[in-house]
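S.K.: Contents are PDB, C-alpha atoms; file name my_file_30.pdb:
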ATOM      1  CA  MET C  96      80.682 100.893 103.067
ATOM      2  CA  ARG C  97      84.225 101.782 104.005
ATOM      3  CA  PHE C  98      87.396 102.219 101.955
ATOM      4  CA  LEU C  99      90.824 101.152 103.184
ATOM      5  CA  SER C 100      94.139 102.686 102.170
ATOM      6  CA  LYS C 101      97.014 100.455 101.108
ATOM      7  CA  LYS C 102      98.627 100.957 104.517
ATOM      8  CA  ALA C 103      95.386 100.040 106.287
ATOM      9  CA  VAL C 104      95.080  96.882 104.146
ATOM     10  CA  ARG C 105      98.689  95.943 104.899
ATOM     11  CA  ASP C 106      98.132  96.466 108.621
ATOM     12  CA  LEU C 107      94.881  94.469 108.546
ATOM     13  CA  ILE C 108      96.197  91.403 106.706
ATOM     14  CA  SER C 109      99.872  91.568 107.772
ATOM     15  CA  LEU C 110     101.276  91.111 104.268
ATOM     16  CA  SER C 111     103.820  93.320 102.517
ATOM     17  CA  TYR C 112     102.906  95.801  99.804
ATOM     18  CA  ALA C 113     104.715  93.602  97.269
ATOM     19  CA  THR C 114     102.735  90.514  98.303
ATOM     20  CA  ILE C 115      99.451  92.431  98.098
ATOM     21  CA  ASP C 116     100.407  93.587  94.585
ATOM     22  CA  ARG C 117     101.371  90.039  93.500
ATOM     23  CA  GLU C 118      98.157  88.544  94.887
ATOM     24  CA  GLU C 119      96.120  91.226  93.140
ATOM     25  CA  GLN C 120      97.956  90.660  89.824
ATOM     26  CA  ALA C 121      97.314  86.908  90.147
ATOM     27  CA  GLY C 122      93.609  87.590  90.684
ATOM     28  CA  THR C 123      93.633  86.120  94.198
ATOM     29  CA  PHE C 124      93.142  89.411  96.045
ATOM     30  CA  PRO C 125      90.391  92.037  95.618
ATOM     31  CA  LYS C 126      90.989  94.689  92.981
ATOM     32  CA  ARG C 127      91.909  98.164  94.066
ATOM     33  CA  LEU C 128      89.991 101.324  93.332
ATOM     34  CA  ARG C 129      91.858 104.387  92.105
ATOM     35  CA  ARG C 130      90.970 107.920  93.079
ATOM     36  CA  GLY C 131      93.555 110.212  91.523
ATOM     37  CA  SER C 132      96.948 109.061  92.783
ATOM     38  CA  ARG C 133      95.426 107.192  95.757
ATOM     39  CA  VAL C 134      94.512 103.527  95.806
ATOM     40  CA  MET C 135      91.998 101.921  98.136
ATOM     41  CA  TRP C 136      90.045  98.737  98.673
ATOM     42  CA  LEU C 137      86.541  98.038  99.902
ATOM     43  CA  GLN C 138      86.796  96.801 103.472
ATOM     44  CA  SER C 139      84.041  94.223 102.880
ATOM     45  CA  GLU C 140      85.976  92.676  99.976
ATOM     46  CA  VAL C 141      89.192  92.467 101.987
ATOM     47  CA  GLU C 142      87.347  90.914 104.922
ATOM     48  CA  GLU C 143      85.710  88.373 102.580
ATOM     49  CA  TRP C 144      89.185  87.492 101.241
ATOM     50  CA  MET C 145      90.312  86.949 104.843
ATOM     51  CA  ARG C 146      87.305  84.701 105.579
ATOM     52  CA  ALA C 147      88.095  82.662 102.456
ATOM     53  CA  ARG C 148      91.700  82.109 103.647
ATOM     54  CA  VAL C 149      90.398  80.869 107.021
ATOM     55  CA  ALA C 150      87.903  78.569 105.273
ATOM     56  CA  GLU C 151      90.734  77.136 103.122
ATOM     57  CA  ARG C 152      92.818  76.511 106.223
ATOM     58  CA  ASP C 153      89.930  74.856 108.035
ATOM     59  CA  ALA C 154      89.082  72.650 105.051
ATOM     60  CA  LYS C 155      92.700  71.456 104.853
ATOM     61  CA  SER C 156      92.886  70.697 108.576
ATOM     62  CA  GLU C 157      89.646  68.661 108.415
ATOM     63  CA  LYS C 158      91.132  66.442 105.709
ATOM     64  CA  ARG C 159      94.404  65.868 107.561
ATOM     65  CA  PRO C 160      94.535  62.500 109.336
ATOM     66  CA  GLN C 161      94.819  62.596 113.099
ATOM     67  CA  PRO C 162      98.222  61.453 114.448
ATOM     68  CA  LYS C 163      98.352  58.133 116.284
ATOM     69  CA  GLY C 164      97.602  58.521 119.954
ATOM     70  CA  ALA C 165      95.977  61.925 119.467
ATOM     71  CA  SER C 166      92.448  60.639 120.047
ATOM     72  CA  HIS C 167      92.782  61.246 123.770
ATOM     73  CA  LEU C 168      93.606  64.939 123.244
ATOM     74  CA  ARG C 169      90.856  67.484 123.421
ATOM     75  CA  VAL C 170      90.584  71.059 122.237
ATOM     76  CA  VAL C 171      90.319  73.637 124.984
ATOM     77  CA  GLU C 172      88.802  76.974 123.995
TER      78      GLU C 172
END
Let's see the structure in the file written out as structure tokens.

M.R.:
Amino acid sequence: MRFLSKKAVRDLISLSYATIDREEQAGTFPKRLRRGSRVMWLQSEVEEWMRARVAERDAKSEKRPQPKGASHLRVVE
């Protein structure tokens, strides 16, 4: 189990402090832990939040219709 500081969370998810605070207030981001004047998050909870965002993106892209003429295109990995 590992704790992340607010700066580490910001660096990991590339969102501003204000956005992190708004998401947390809305209940769409993991809740912080307080230790004195410091705040931190569980790394596993933040990573799960990230996986959920990717799953949402993937679910939306699967539902999107393919543009005309795109059937001949292939994905190169």

S.K.: What is the CA of Asp106 in chain C-CA of Leu128 in chain C distance in Å, reported with one decimal?

M.R.: 18.0 Å

S.K.: To verify the selection step, state as a VMD selection string which residues the PyMOL selection byres ((chain C and resi 104) around 12) yields on this input.

M.R.: chain C and resid 97 to 103 105 to 112 114 to 116 124 to 125 127 134 to 142 144 to 145

S.K.: Kindly save the residues from that selection, with C-alpha atoms included, as a PDB file, in the frame of the given file.

M.R.:
ATOM      1  CA  ARG C  97      84.225 101.782 104.005  1.00  0.00           C
ATOM      2  CA  PHE C  98      87.396 102.219 101.955  1.00  0.00           C
ATOM      3  CA  LEU C  99      90.824 101.152 103.184  1.00  0.00           C
ATOM      4  CA  SER C 100      94.139 102.686 102.170  1.00  0.00           C
ATOM      5  CA  LYS C 101      97.014 100.455 101.108  1.00  0.00           C
ATOM      6  CA  LYS C 102      98.627 100.957 104.517  1.00  0.00           C
ATOM      7  CA  ALA C 103      95.386 100.040 106.287  1.00  0.00           C
ATOM      8  CA  ARG C 105      98.689  95.943 104.899  1.00  0.00           C
ATOM      9  CA  ASP C 106      98.132  96.466 108.621  1.00  0.00           C
ATOM     10  CA  LEU C 107      94.881  94.469 108.546  1.00  0.00           C
ATOM     11  CA  ILE C 108      96.197  91.403 106.706  1.00  0.00           C
ATOM     12  CA  SER C 109      99.872  91.568 107.772  1.00  0.00           C
ATOM     13  CA  LEU C 110     101.276  91.111 104.268  1.00  0.00           C
ATOM     14  CA  SER C 111     103.820  93.320 102.517  1.00  0.00           C
ATOM     15  CA  TYR C 112     102.906  95.801  99.804  1.00  0.00           C
ATOM     16  CA  THR C 114     102.735  90.514  98.303  1.00  0.00           C
ATOM     17  CA  ILE C 115      99.451  92.431  98.098  1.00  0.00           C
ATOM     18  CA  ASP C 116     100.407  93.587  94.585  1.00  0.00           C
ATOM     19  CA  PHE C 124      93.142  89.411  96.045  1.00  0.00           C
ATOM     20  CA  PRO C 125      90.391  92.037  95.618  1.00  0.00           C
ATOM     21  CA  ARG C 127      91.909  98.164  94.066  1.00  0.00           C
ATOM     22  CA  VAL C 134      94.512 103.527  95.806  1.00  0.00           C
ATOM     23  CA  MET C 135      91.998 101.921  98.136  1.00  0.00           C
ATOM     24  CA  TRP C 136      90.045  98.737  98.673  1.00  0.00           C
ATOM     25  CA  LEU C 137      86.541  98.038  99.902  1.00  0.00           C
ATOM     26  CA  GLN C 138      86.796  96.801 103.472  1.00  0.00           C
ATOM     27  CA  SER C 139      84.041  94.223 102.880  1.00  0.00           C
ATOM     28  CA  GLU C 140      85.976  92.676  99.976  1.00  0.00           C
ATOM     29  CA  VAL C 141      89.192  92.467 101.987  1.00  0.00           C
ATOM     30  CA  GLU C 142      87.347  90.914 104.922  1.00  0.00           C
ATOM     31  CA  TRP C 144      89.185  87.492 101.241  1.00  0.00           C
ATOM     32  CA  MET C 145      90.312  86.949 104.843  1.00  0.00           C
TER      33      MET C 145
END

S.K.: Could you check how far CA of Glu119 in chain C sits from CA of Glu157 in chain C, in Å to one decimal?

M.R.: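 Taking CA of Glu119 in chain C and CA of Glu157 in chain C, their separation equals 28.0 Å.
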